[in-house]
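File shown: start17.cif. Contents: mmCIF, C-alpha atoms and all ligand atoms.
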```cif
data_protein
#
loop_
_atom_site.label_atom_id
_atom_site.label_comp_id
_atom_site.auth_asym_id
_atom_site.auth_seq_id
_atom_site.Cartn_x
_atom_site.Cartn_y
_atom_site.Cartn_z
CA MET A 174 3.47 240.27 19.20
CA THR A 175 4.61 236.66 19.71
CA THR A 176 8.31 236.81 20.35
CA GLY A 177 10.98 235.31 22.46
CA LYS A 178 9.21 232.37 24.14
CA PRO A 179 11.51 229.71 25.56
CA THR A 180 11.54 226.53 23.55
CA VAL A 181 11.05 222.96 24.59
CA ALA A 182 13.83 220.99 22.92
CA GLU A 183 14.07 217.28 22.21
CA VAL A 184 16.98 214.97 21.61
CA PRO A 185 17.52 214.34 17.89
CA VAL A 186 15.57 211.27 16.74
CA ARG A 187 14.55 209.44 13.61
CA ILE A 188 10.92 208.44 13.29
CA PRO A 189 10.44 204.88 12.02
CA VAL A 190 8.87 205.01 8.54
CA GLU A 191 6.57 202.11 9.29
CA ALA A 192 4.00 204.48 10.76
CA TYR A 193 3.61 206.15 7.36
CA VAL A 194 3.86 203.30 4.89
CA SER A 195 2.78 200.00 6.42
CA GLU A 196 -0.68 198.59 5.86
CA ASP A 197 -0.28 196.43 8.97
CA TYR A 198 0.43 199.56 10.95
CA ALA A 199 -2.66 201.24 9.47
CA ARG A 200 -4.74 198.22 10.52
CA ALA A 201 -3.24 198.28 14.00
CA GLU A 202 -4.13 201.98 14.24
CA ASN A 203 -7.75 201.03 13.80
CA GLU A 204 -7.68 198.97 17.01
CA LYS A 205 -5.16 200.77 19.12
CA LEU A 206 -5.61 204.38 18.13
CA TRP A 207 -8.94 205.19 16.52
CA GLY A 208 -10.86 202.95 18.91
CA LYS A 209 -9.34 204.70 21.92
CA VAL A 210 -8.98 208.42 21.26
CA TRP A 211 -11.29 211.39 21.43
CA GLN A 212 -11.81 212.66 17.89
CA ILE A 213 -13.75 215.52 16.38
CA ALA A 214 -16.91 214.22 14.69
CA CYS A 215 -18.42 217.57 13.62
CA ARG A 216 -19.21 221.09 14.81
CA GLU A 217 -22.27 221.65 16.98
CA GLU A 218 -23.51 224.17 14.43
CA GLU A 219 -23.99 221.28 12.00
CA ILE A 220 -26.69 219.84 14.26
CA PRO A 221 -28.50 222.88 15.70
CA LYS A 222 -32.04 221.42 15.83
CA VAL A 223 -33.48 218.33 17.46
CA GLY A 224 -33.19 215.45 15.00
CA ASP A 225 -30.23 216.92 13.11
CA TYR A 226 -27.57 214.29 12.60
CA VAL A 227 -24.13 213.87 11.06
CA THR A 228 -22.66 210.50 10.11
CA TYR A 229 -19.00 210.37 11.10
CA ASP A 230 -17.00 207.63 9.36
CA ILE A 231 -13.57 206.49 10.45
CA LEU A 232 -12.17 203.41 8.71
CA ASP A 233 -14.74 200.61 9.05
CA GLU A 234 -16.63 202.41 11.77
CA SER A 235 -19.58 204.70 11.26
CA ILE A 236 -21.11 206.77 14.03
CA ILE A 237 -24.33 208.74 14.13
CA VAL A 238 -24.03 212.03 16.01
CA VAL A 239 -27.49 213.44 16.67
CA ARG A 240 -29.11 216.23 18.63
CA SER A 241 -31.54 214.08 20.58
CA ASP A 242 -33.04 216.98 22.53
CA PRO A 243 -32.27 220.72 22.57
CA GLU A 244 -29.56 220.30 25.20
CA THR A 245 -28.24 216.85 24.36
CA VAL A 246 -25.98 215.50 21.67
CA SER A 247 -25.90 211.69 21.47
CA ALA A 248 -23.69 209.34 19.51
CA PHE A 249 -24.51 205.80 18.40
CA TYR A 250 -22.87 203.13 16.30
CA ASN A 251 -24.50 203.42 12.92
CA VAL A 252 -25.63 199.83 12.62
CA CYS A 253 -29.03 198.16 12.59
CA GLN A 254 -29.29 195.66 15.43
CA HIS A 255 -31.20 193.24 13.20
CA ARG A 256 -28.76 192.22 10.47
CA GLY A 257 -26.31 195.07 10.49
CA ARG A 258 -27.39 197.50 7.78
CA ARG A 259 -26.05 201.03 8.04
CA LEU A 260 -28.83 203.41 9.06
CA THR A 261 -27.61 206.84 7.97
CA LYS A 262 -25.28 208.38 5.43
CA GLY A 263 -24.08 211.97 5.40
CA CYS A 264 -26.15 214.45 7.33
CA GLY A 265 -29.81 215.38 7.63
CA ARG A 266 -32.73 215.82 10.00
CA THR A 267 -35.01 213.03 11.15
CA LYS A 268 -37.60 212.18 13.77
CA GLN A 269 -36.38 208.61 14.08
CA PHE A 270 -33.81 206.20 12.69
CA PHE A 271 -35.27 203.76 10.21
CA CYS A 272 -33.66 200.69 8.66
CA ARG A 273 -34.52 200.32 5.01
CA PHE A 274 -33.89 196.58 4.99
CA HIS A 275 -36.71 195.26 7.23
CA GLY A 276 -38.01 198.45 8.77
CA TRP A 277 -36.76 198.37 12.38
CA ARG A 278 -36.90 201.80 14.02
CA TRP A 279 -35.32 203.75 16.88
CA ASN A 280 -36.03 207.09 18.50
CA LEU A 281 -33.42 209.84 18.82
CA ASP A 282 -32.25 208.34 22.14
CA GLY A 283 -31.40 205.14 20.31
CA GLU A 284 -34.27 203.16 21.89
CA SER A 285 -35.95 200.56 19.74
CA THR A 286 -39.47 201.67 18.79
CA TYR A 287 -40.51 199.13 16.17
CA ILE A 288 -39.57 195.56 15.26
CA LEU A 289 -41.51 193.72 12.57
CA ASP A 290 -43.10 190.52 13.97
CA ARG A 291 -41.20 190.85 17.17
CA GLU A 292 -42.96 187.76 18.64
CA ASP A 293 -40.93 185.54 16.25
CA TRP A 294 -37.98 186.03 18.59
CA CYS A 295 -40.12 184.97 21.59
CA GLU A 296 -38.56 186.79 24.57
CA ALA A 297 -35.09 187.09 23.12
CA LEU A 298 -35.29 190.77 22.17
CA ASP A 299 -35.40 193.33 24.95
CA ALA A 300 -34.93 197.07 25.23
CA GLU A 301 -31.27 196.73 26.07
CA ASN A 302 -30.14 194.35 23.32
CA THR A 303 -32.03 196.14 20.57
CA ARG A 304 -31.09 199.72 21.35
CA LEU A 305 -28.41 201.43 19.25
CA PRO A 306 -25.12 201.00 21.10
CA ARG A 307 -23.85 204.27 22.49
CA VAL A 308 -20.54 205.89 21.72
CA GLN A 309 -19.00 208.29 24.26
CA VAL A 310 -19.69 211.87 23.26
CA ASP A 311 -18.92 215.32 24.65
CA THR A 312 -18.49 218.85 23.39
CA TRP A 313 -15.73 221.39 23.71
CA GLY A 314 -15.06 224.56 21.73
CA GLY A 315 -18.18 224.07 19.61
CA TRP A 316 -16.88 220.71 18.39
CA VAL A 317 -18.62 217.39 19.01
CA TRP A 318 -16.04 214.81 20.11
CA ILE A 319 -16.58 211.06 20.16
CA ASN A 320 -14.67 208.20 21.73
CA MET A 321 -15.41 204.53 21.07
CA ASP A 322 -13.67 203.35 24.23
CA PRO A 323 -16.33 202.94 26.97
CA ASP A 324 -13.57 203.29 29.59
CA CYS A 325 -11.99 206.39 28.10
CA GLU A 326 -10.83 209.31 30.20
CA PRO A 327 -13.17 212.34 30.23
CA LEU A 328 -12.74 214.67 27.24
CA ARG A 329 -11.39 217.60 29.23
CA GLU A 330 -8.76 215.43 30.88
CA TYR A 331 -7.77 214.08 27.49
CA LEU A 332 -7.60 217.59 26.05
CA ASN A 333 -5.45 219.03 28.81
CA PRO A 334 -3.77 221.55 28.32
CA VAL A 335 -5.63 222.38 25.07
CA SER A 336 -8.84 223.14 26.90
CA PRO A 337 -7.56 225.33 29.77
CA MET A 338 -5.22 227.23 27.43
CA LEU A 339 -7.63 227.79 24.55
CA ASP A 340 -10.94 228.10 26.44
CA ALA A 341 -10.47 231.87 26.36
CA PHE A 342 -10.84 231.96 22.57
CA ASP A 343 -14.54 230.96 22.81
CA PHE A 344 -14.39 228.77 19.72
CA ASP A 345 -17.92 227.61 20.51
CA LYS A 346 -19.19 231.06 19.48
CA MET A 347 -17.52 230.78 16.08
CA ARG A 348 -19.19 229.55 12.92
CA TYR A 349 -17.84 228.13 9.68
CA ARG A 350 -16.54 230.78 7.29
CA TRP A 351 -15.23 228.26 4.77
CA ARG A 352 -14.76 224.48 4.60
CA GLN A 353 -13.27 222.21 1.97
CA TRP A 354 -11.99 218.65 1.79
CA LEU A 355 -10.32 216.23 -0.57
CA TYR A 356 -8.78 212.78 -0.74
CA PHE A 357 -5.03 213.12 -0.66
CA PRO A 358 -2.39 210.62 -1.84
CA CYS A 359 -0.42 210.46 1.41
CA ASN A 360 -0.70 209.03 4.89
CA TRP A 361 -2.98 210.98 7.24
CA LYS A 362 0.06 211.73 9.42
CA THR A 363 2.11 213.00 6.48
CA ALA A 364 -0.77 215.38 5.75
CA LEU A 365 -1.26 216.61 9.29
CA GLU A 366 2.45 216.99 9.94
CA SER A 367 2.63 219.53 7.15
CA PHE A 368 0.51 221.80 9.32
CA ILE A 369 1.76 221.34 12.91
CA GLU A 370 5.14 222.97 12.43
CA SER A 371 6.11 226.25 10.76
CA PHE A 372 9.73 225.35 10.17
CA HIS A 373 8.77 224.77 6.53
CA VAL A 374 7.44 228.29 6.00
CA ASP A 375 10.61 229.88 4.61
CA ALA A 376 11.15 227.27 1.91
CA THR A 377 7.57 226.29 1.12
CA HIS A 378 5.99 229.73 1.37
CA PRO A 379 8.90 232.01 0.43
CA GLN A 380 6.56 234.93 -0.23
CA LEU A 381 5.98 235.16 3.54
CA GLY A 382 9.70 235.66 4.16
CA GLN A 383 9.89 239.08 2.53
CA TRP A 384 9.19 240.76 5.87
CA GLY A 385 11.86 238.75 7.66
CA THR A 386 11.98 235.18 8.94
CA ASN A 387 11.79 233.70 12.43
CA ARG A 388 12.84 230.79 14.48
CA TRP A 389 9.88 229.04 16.15
CA TRP A 390 9.33 228.08 19.77
CA CYS A 391 7.53 224.85 20.67
CA ARG A 392 5.77 223.48 23.72
CA THR A 393 4.28 220.13 24.63
CA GLY A 394 1.56 219.31 27.11
CA GLY A 395 -0.14 215.97 27.69
CA LYS A 396 -0.69 214.33 24.30
CA HIS A 397 -0.57 217.65 22.49
CA ALA A 398 1.93 220.26 21.33
CA TRP A 399 1.96 223.81 20.05
CA HIS A 400 4.31 226.38 18.61
CA GLY A 401 4.62 230.10 18.06
CA ILE A 402 6.73 232.79 16.48
CA GLY A 403 10.08 233.03 18.20
CA THR A 404 13.06 235.23 17.57
CA PRO A 405 13.55 237.01 14.23
CA ARG A 406 16.57 235.82 12.28
CA GLY A 407 17.48 239.45 11.67
CA ASP A 408 17.26 239.13 7.89
CA ALA A 409 14.46 241.62 7.46
CA GLY A 410 16.67 244.51 6.40
CA GLU A 411 15.30 248.02 6.59
CA ILE A 412 11.56 247.51 6.86
CA ASP A 413 9.00 250.02 8.00
CA PRO A 414 6.91 248.01 10.52
CA ARG A 415 3.77 249.92 9.52
CA ALA A 416 4.05 248.85 5.90
CA ALA A 417 5.27 245.38 6.86
CA MET A 418 2.30 244.60 9.05
CA TYR A 419 -0.20 245.86 6.51
CA GLU A 420 1.40 243.95 3.65
CA LEU A 421 1.70 240.75 5.69
CA PHE A 422 -1.93 240.87 6.82
CA GLN A 423 -3.10 241.59 3.29
CA GLU A 424 -1.00 238.69 2.00
CA LEU A 425 -2.38 236.31 4.65
CA TRP A 426 -5.92 237.43 3.92
CA ASP A 427 -5.46 236.91 0.19
CA THR A 428 -3.55 233.64 0.28
CA VAL A 429 -4.92 231.63 3.22
CA GLY A 430 -7.44 233.62 5.27
CA THR A 431 -5.61 233.44 8.61
CA THR A 432 -6.74 236.87 9.62
CA THR A 433 -9.91 238.90 9.18
CA GLU A 434 -10.97 241.85 7.06
CA THR A 435 -11.13 243.90 10.25
CA MET A 436 -7.45 243.19 10.94
CA VAL A 437 -6.42 244.09 7.40
CA GLN A 438 -8.32 247.38 7.65
CA ALA A 439 -6.77 248.13 11.06
CA ALA A 440 -3.31 247.49 9.63
CA ALA A 441 -4.12 249.82 6.73
CA ARG A 442 -5.02 252.51 9.24
CA ALA A 443 -1.77 251.94 11.15
CA LYS A 444 0.12 252.53 7.94
CA GLU A 445 -1.76 255.79 7.33
CA GLU A 446 -2.02 257.15 10.84
CA LEU A 447 1.09 256.18 12.81
CA PRO A 448 4.17 258.39 12.51
CA GLU A 449 7.28 257.29 10.70
CA GLY A 450 9.65 255.46 13.03
CA ALA A 451 6.87 253.80 15.04
CA ALA A 452 8.26 250.68 16.77
CA PRO A 453 6.94 247.24 15.79
CA GLU A 454 5.29 246.80 19.22
CA GLU A 455 3.54 250.14 18.83
CA VAL A 456 2.23 249.17 15.40
CA ALA A 457 1.05 245.78 16.68
CA GLY A 458 -0.66 247.38 19.68
CA PHE A 459 -2.40 249.94 17.45
CA VAL A 460 -3.62 247.27 15.04
CA MET A 461 -4.98 245.03 17.79
CA GLN A 462 -6.73 247.91 19.56
CA THR A 463 -8.17 249.40 16.37
CA ALA A 464 -9.39 246.00 15.16
CA ALA A 465 -10.95 245.19 18.55
CA MET A 466 -12.86 248.50 18.50
CA ALA A 467 -13.99 248.06 14.91
CA ASP A 468 -15.18 244.55 15.69
CA ALA A 469 -17.01 245.73 18.82
CA GLU A 470 -18.85 248.31 16.69
CA ARG A 471 -20.15 245.63 14.36
CA GLY A 472 -21.13 243.33 17.24
CA VAL A 473 -18.14 240.97 17.28
CA TYR A 474 -16.53 240.77 20.70
CA TRP A 475 -12.90 239.92 21.37
CA PRO A 476 -12.31 237.31 24.05
CA GLN A 477 -10.87 238.49 27.34
CA MET A 478 -7.30 237.37 27.84
CA THR A 479 -4.06 238.95 28.89
CA PRO A 480 -1.51 239.74 26.17
CA GLU A 481 0.80 237.27 27.96
CA HIS A 482 -1.75 234.50 27.62
CA TYR A 483 -2.29 235.30 23.96
CA VAL A 484 1.46 235.05 23.37
CA GLU A 485 1.63 231.83 25.37
CA CYS A 486 -0.98 230.26 23.10
CA GLY A 487 1.24 230.77 20.07
CA LEU A 488 0.18 230.13 16.53
CA ASP A 489 -0.67 226.51 15.95
CA TRP A 490 -1.85 223.58 18.08
CA HIS A 491 -1.63 219.89 17.34
CA VAL A 492 -4.56 218.24 19.08
CA PHE A 493 -3.74 214.55 19.19
CA PRO A 494 -4.27 212.61 17.09
CA ASN A 495 -5.57 214.24 13.97
CA SER A 496 -6.50 217.89 14.31
CA ALA A 497 -4.66 221.16 14.13
CA ILE A 498 -6.07 224.46 15.37
CA LEU A 499 -4.54 227.86 14.59
CA PRO A 500 -6.32 230.21 16.99
CA GLY A 501 -6.96 233.91 16.35
CA MET A 502 -8.89 236.46 18.40
CA THR A 503 -12.01 236.14 16.28
CA TYR A 504 -11.30 233.15 14.04
CA ALA A 505 -9.43 229.86 13.81
CA LEU A 506 -7.98 227.92 10.89
CA CYS A 507 -8.37 224.18 11.44
CA TYR A 508 -7.22 220.96 9.81
CA ARG A 509 -8.35 217.39 10.21
CA ALA A 510 -6.78 214.33 8.59
CA ARG A 511 -8.14 210.77 8.66
CA PRO A 512 -7.13 207.52 7.00
CA ASN A 513 -9.01 206.64 3.84
CA GLY A 514 -9.37 202.92 4.41
CA TYR A 515 -6.27 200.85 5.17
CA ASP A 516 -4.18 202.14 2.31
CA PRO A 517 -1.38 203.96 4.18
CA ASN A 518 -0.91 206.17 1.11
CA SER A 519 -4.33 207.77 1.16
CA CYS A 520 -6.17 210.09 3.50
CA ILE A 521 -9.20 212.32 3.84
CA PHE A 522 -8.03 215.85 4.44
CA GLU A 523 -10.23 218.72 5.58
CA VAL A 524 -9.47 222.41 6.03
CA TYR A 525 -11.86 224.92 7.53
CA ILE A 526 -11.99 228.37 9.01
CA ILE A 527 -14.37 229.33 11.80
CA GLU A 528 -15.07 232.92 12.76
CA ARG A 529 -17.10 234.91 15.28
CA TYR A 530 -19.82 236.87 13.46
CA PRO A 531 -22.34 239.48 14.49
CA GLU A 532 -25.48 237.65 15.53
CA GLY A 533 -27.48 236.63 12.50
CA ALA A 534 -24.66 237.41 10.05
CA GLU A 535 -23.15 233.91 10.01
CA PRO A 536 -22.73 232.71 6.43
CA ARG A 537 -24.46 229.51 5.37
CA THR A 538 -21.78 227.05 4.39
CA GLU A 539 -21.54 223.41 3.42
CA TRP A 540 -18.64 221.02 3.07
CA VAL A 541 -17.22 221.42 -0.41
CA TYR A 542 -15.41 218.47 -1.97
CA GLU A 543 -12.60 220.02 -3.99
CA PRO A 544 -10.29 217.38 -5.47
CA ASP A 545 -8.14 219.79 -7.44
CA PRO A 546 -5.24 220.79 -5.11
CA THR A 547 -4.39 223.95 -7.05
CA GLU A 548 -3.95 227.55 -6.06
CA GLU A 549 -7.12 228.37 -7.93
CA LYS A 550 -9.23 226.05 -5.77
CA TRP A 551 -7.37 226.13 -2.44
CA ARG A 552 -5.49 229.44 -2.59
CA LYS A 553 -1.76 229.92 -2.63
CA ILE A 554 -0.58 228.77 0.81
CA LEU A 555 -2.44 225.46 0.83
CA SER A 556 -1.52 224.71 -2.76
CA GLN A 557 2.12 225.14 -1.76
CA ASP A 558 1.72 222.75 1.18
CA PHE A 559 -0.10 220.29 -1.05
CA GLN A 560 2.95 220.07 -3.30
CA ASN A 561 5.06 218.68 -0.46
CA MET A 562 2.69 216.04 0.86
CA PRO A 563 2.70 213.40 -1.92
CA GLU A 564 6.42 213.96 -2.52
CA VAL A 565 7.13 213.22 1.15
CA GLN A 566 4.93 210.14 1.07
CA HIS A 567 6.86 208.90 -1.94
CA GLY A 568 10.32 209.77 -0.64
CA ILE A 569 9.77 208.16 2.75
CA LYS A 570 9.67 204.75 1.05
CA SER A 571 13.09 205.04 -0.49
CA ARG A 572 15.89 202.63 0.37
CA GLY A 573 17.91 205.79 0.67
CA PHE A 574 15.90 207.09 3.61
CA LYS A 575 16.10 205.95 7.20
CA GLY A 576 13.25 207.97 8.64
CA PRO A 577 12.23 211.59 9.26
CA ARG A 578 14.48 213.59 11.60
CA PRO A 579 12.44 216.60 12.67
CA SER A 580 14.23 219.60 14.15
CA PRO A 581 14.56 218.89 17.89
CA VAL A 582 13.88 222.58 18.48
CA GLN A 583 11.44 223.86 15.87
CA GLU A 584 9.51 220.70 14.90
CA VAL A 585 8.87 219.39 18.38
CA PRO A 586 5.15 218.80 17.68
CA VAL A 587 6.08 216.19 15.06
CA ILE A 588 8.33 214.34 17.49
CA HIS A 589 5.81 214.58 20.31
CA PHE A 590 3.07 213.31 17.97
CA HIS A 591 5.05 210.11 17.39
CA ARG A 592 5.89 209.70 21.05
CA THR A 593 2.20 209.83 21.99
CA LEU A 594 1.27 207.65 19.02
CA ALA A 595 3.87 205.05 20.04
CA GLN A 596 2.28 204.89 23.49
CA TYR A 597 -1.10 204.07 21.98
CA MET A 598 0.37 201.64 19.48
CA GLY A 599 2.61 199.89 21.99
CA THR A 600 5.60 200.31 19.70
CA GLY A 601 8.92 201.75 20.73
CA THR A 602 9.10 205.52 20.92
CA PRO A 603 11.32 207.29 18.38
CA GLU A 604 13.98 207.48 21.11
CA ASP A 605 13.83 203.71 21.64
CA ILE A 606 14.19 203.01 17.96
CA LEU A 607 17.14 205.38 17.76
CA ALA A 608 18.77 203.75 20.77
CA ARG A 609 18.42 200.38 19.04
CA GLY A 610 20.28 201.81 16.14
S1 LIG B 1 -31.15 194.81 8.76
FE1 LIG B 1 -32.15 196.48 9.59
S2 LIG B 1 -34.19 195.85 9.79
FE2 LIG B 1 -33.18 194.14 8.98
FE FE B 2 2.52 225.50 5.11
#
```

Show me this structure written as C-alpha cells.
Amino acid sequence: MTTGKPTVAEVPVRIPVEAYVSEDYARAENEKLWGKVWQIACREEEIPKVGDYVTYDILDESIIVVRSDPETVSAFYNVCQHRGRRLTKGCGRTKQFFCRFHGWRWNLDGESTYILDREDWCEALDAENTRLPRVQVDTWGGWVWINMDPDCEPLREYLNPVSPMLDAFDFDKMRYRWRQWLYFPCNWKTALESFIESFHVDATHPQLGQWGTNRWWCRTGGKHAWHGIGTPRGDAGEIDPRAAMYELFQELWDTVGTTTETMVQAAARAKEELPEGAAPEEVAGFVMQTAAMADAERGVYWPQMTPEHYVECGLDWHVFPNSAILPGMTYALCYRARPNGYDPNSCIFEVYIIERYPEGAEPRTEWVYEPDPTEEKWRKILSQDFQNMPEVQHGIKSRGFKGPRPSPVQEVPVIHFHRTLAQYMGTGTPEDILARG
C-alpha cells in the first residue's frame, strides 16, 4: 500500500530543552502561541442542536462554543461582563447564558438580554460593551476550531495543506467511536511528539515488527507535517502476505483500533480465498476492494480518492500545534494535548477515534476520564506509548542531556513542530541554537 515515497530530510539539530521544562516558556506560550493559533475546541457532533454548548478551557482562558442557530456555531469568551464570573462549565444545552452571581443574561448570539437595575449605570452600558466578546470560530472536518486572535488568518489558510490533502476523507461525516482522556505527567509537547512520528514503533511496540519493519517517509507543509510507511527493511523473512495482512489487521484492531471490523473481515477473506503465492499488492488490493464493498452493503461509503492520493496522505498528520490525525478510509485516530496550567510537567491528553457509520447507527459516546494509563484501560499500544512519556519528561532535565536530536529523516515532524513553534515564540529555531553551539 504505502511504500517508497520520497522523504523530506532535515539537517541534524538539537531541540533546546527549555520548551519542555521551563515554566517561563509555558507562560510565554500562553501569550504567543495559544492566543494566536487555530485550535480544536470540540467536534460539531457534540453540539448538534440549537443551544448546545461546550466549554473549551485552555490555560487561564475559557471559551463557550455554542450552536446559536441550526447553521451557525458561535464562540465567546466565557466571562460575565459584570464582574467576571465564569458562565458555563463542561457541556450542556441552554436557551440563554445566565450569570449566577447577579443574574445578568445573554442570548445565544452573545447579546445582553437582562441587567439588574441597569439604570444605576446611567448610560454607561450599551449593547456593544455588555455583549459577550466573540472569539474567531470556524469548522473543518467536523471539528469546531477557535482562534483568540481577532486578526488571525482564515482557518483554511492556516490549515494548508492539511485541508486540501485530507478533505477527501470526509471527516465531517464521521462520529466518535471512542474517546478517553487523562492528565499526564509530562509536557504537552512531550505527549504529542510520541504520536507524530513512527520511528519509535520497532522498539516501543515490538509486537508490530513481527511482520517486518519499515523506514518512514516524512513531509512538511505550512505549519504542519506528516509521515507514512516507507521502504521495508527487508527483515520480514519468509512471510505469506495473506496471513501477514490478516494478523496485522487483527492485531491493530485488538490493540489500538486503527482499522475497522470490516477491514479485519476482508483480510480474513483474503487469507481464505487468495491463492498461495499472491503478491503483497494483490492481497492489499483484494482487502481494500472487499472491505469497500462490504461497507457499501451496510451503508458506509468510502471516500473517492485515487490510490496515489491515499498513499500521498500517509499514516499520521501533525496539525500544528497540538493535534494529530491518523486518517483511514472510514475512520481516524486522533490525539490532542494541552497544557494543564503553567506546570511544564503536566498536560491534558485526549485520544479518540471517529468513524463513518450507517445512518442512525452511530454509537452514543461521552468523554471518559481514565487516569489509569494501563493496558487494561487504554489497550496495549497506548499503554506502551504512555510508558515513554514521563520517562522522557524526566530524562530531558538531566545535566547529562543537551536536547532531543530527532532523526533528520524519519522524525521530521518533531523538528518541523519546533521550527514552527519557534516562529510563534520568537525564539531561535533549532538550527539557530545549534549554530550558536
Ligand atoms: S458577575 Fe455576573 S452578574 Fe455579576
Ligand atoms: Fe506509539

So for region 292-297 of chain A, what box centre and size do we get, axis-aligned, 4 Å extra on each of the six sides, every listed atom, Å to one decimal, as AutoDock Vina command-line options?
```
--center_x -39.0 --center_y 186.4 --center_z 20.4 --size_x 15.9 --size_y 10.8 --size_z 16.3
```

Inset, instruction - Measure the distance from CA of Ala201 (chain A) to CA of Gly599 (chain A) in Å and round it to one decimal. - result: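 Calculated distance between CA of Ala201 (chain A) and CA of Gly599 (chain A) is 10.0 Å.
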
Inset, instruction - Excluding Val585 (chain A) and any residue of its chain fewer than 2 positions from it, enumerate the residues within 12 Å of it, using all atoms listed in the file, and give them as a PyMOL selection string. - result: chain A and resi 180-186+366+369-372+389-394+397-401+490-491+578-583+587-592

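From CA of Glu523 (chain A) back to CA of Ile498 (chain A), the distance works out to 12.1 Å.
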
Inset, instruction - For Asn513 (chain A), work out the shell of residues within 10 Å, counting only C-alpha atoms and skipping chain neighbours fewer than 4 positions away, then give it as a count of residues only. - result: 16

Inset, instruction - State, in Å with one decimal place, the distance from CA of Gly395 (chain A) to CA of Met338 (chain A). - result: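 Value for the CA of Gly395 (chain A)-CA of Met338 (chain A) distance: 12.4 Å.
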
Find the residues near ligand FE 2 (chain B). Use a cut-off of 9 Å, count all atoms listed in the file, and write them as a PDB file with C-alpha atoms, in the coordinates of the input.
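This is the output file out21.pdb:
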```
ATOM      1  CA  SER A 367       2.630 219.530   7.150  1.00  0.00           C
ATOM      2  CA  PHE A 368       0.510 221.800   9.320  1.00  0.00           C
ATOM      3  CA  ILE A 369       1.760 221.340  12.910  1.00  0.00           C
ATOM      4  CA  GLU A 370       5.140 222.970  12.430  1.00  0.00           C
ATOM      5  CA  SER A 371       6.110 226.250  10.760  1.00  0.00           C
ATOM      6  CA  PHE A 372       9.730 225.350  10.170  1.00  0.00           C
ATOM      7  CA  HIS A 373       8.770 224.770   6.530  1.00  0.00           C
ATOM      8  CA  VAL A 374       7.440 228.290   6.000  1.00  0.00           C
ATOM      9  CA  THR A 377       7.570 226.290   1.120  1.00  0.00           C
ATOM     10  CA  HIS A 378       5.990 229.730   1.370  1.00  0.00           C
ATOM     11  CA  ILE A 554      -0.580 228.770   0.810  1.00  0.00           C
ATOM     12  CA  LEU A 555      -2.440 225.460   0.830  1.00  0.00           C
ATOM     13  CA  SER A 556      -1.520 224.710  -2.760  1.00  0.00           C
ATOM     14  CA  GLN A 557       2.120 225.140  -1.760  1.00  0.00           C
ATOM     15  CA  ASP A 558       1.720 222.750   1.180  1.00  0.00           C
ATOM     16  CA  PHE A 559      -0.100 220.290  -1.050  1.00  0.00           C
TER      17      PHE A 559
END
```

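Using all atoms listed in the file for every distance, the candidate list A:Arg278, A:His255, A:Arg572, A:Lys396 yields A:His255 as the residue closest to ligand LIG 1 (chain B).
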
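Across A:Leu365, A:Cys272, A:Ile288, A:Ala248, the tightest approach to ligand LIG 1 (chain B) is made by A:Cys272 when counting all atoms listed in the file.
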
Inset, instruction - Could you report the residues within 9 Å of ligand LIG 1 (chain B), using only C-alpha atoms and all ligand atoms, as a ChimeraX atom specification? - result: /A:252-260,271-278,288-289
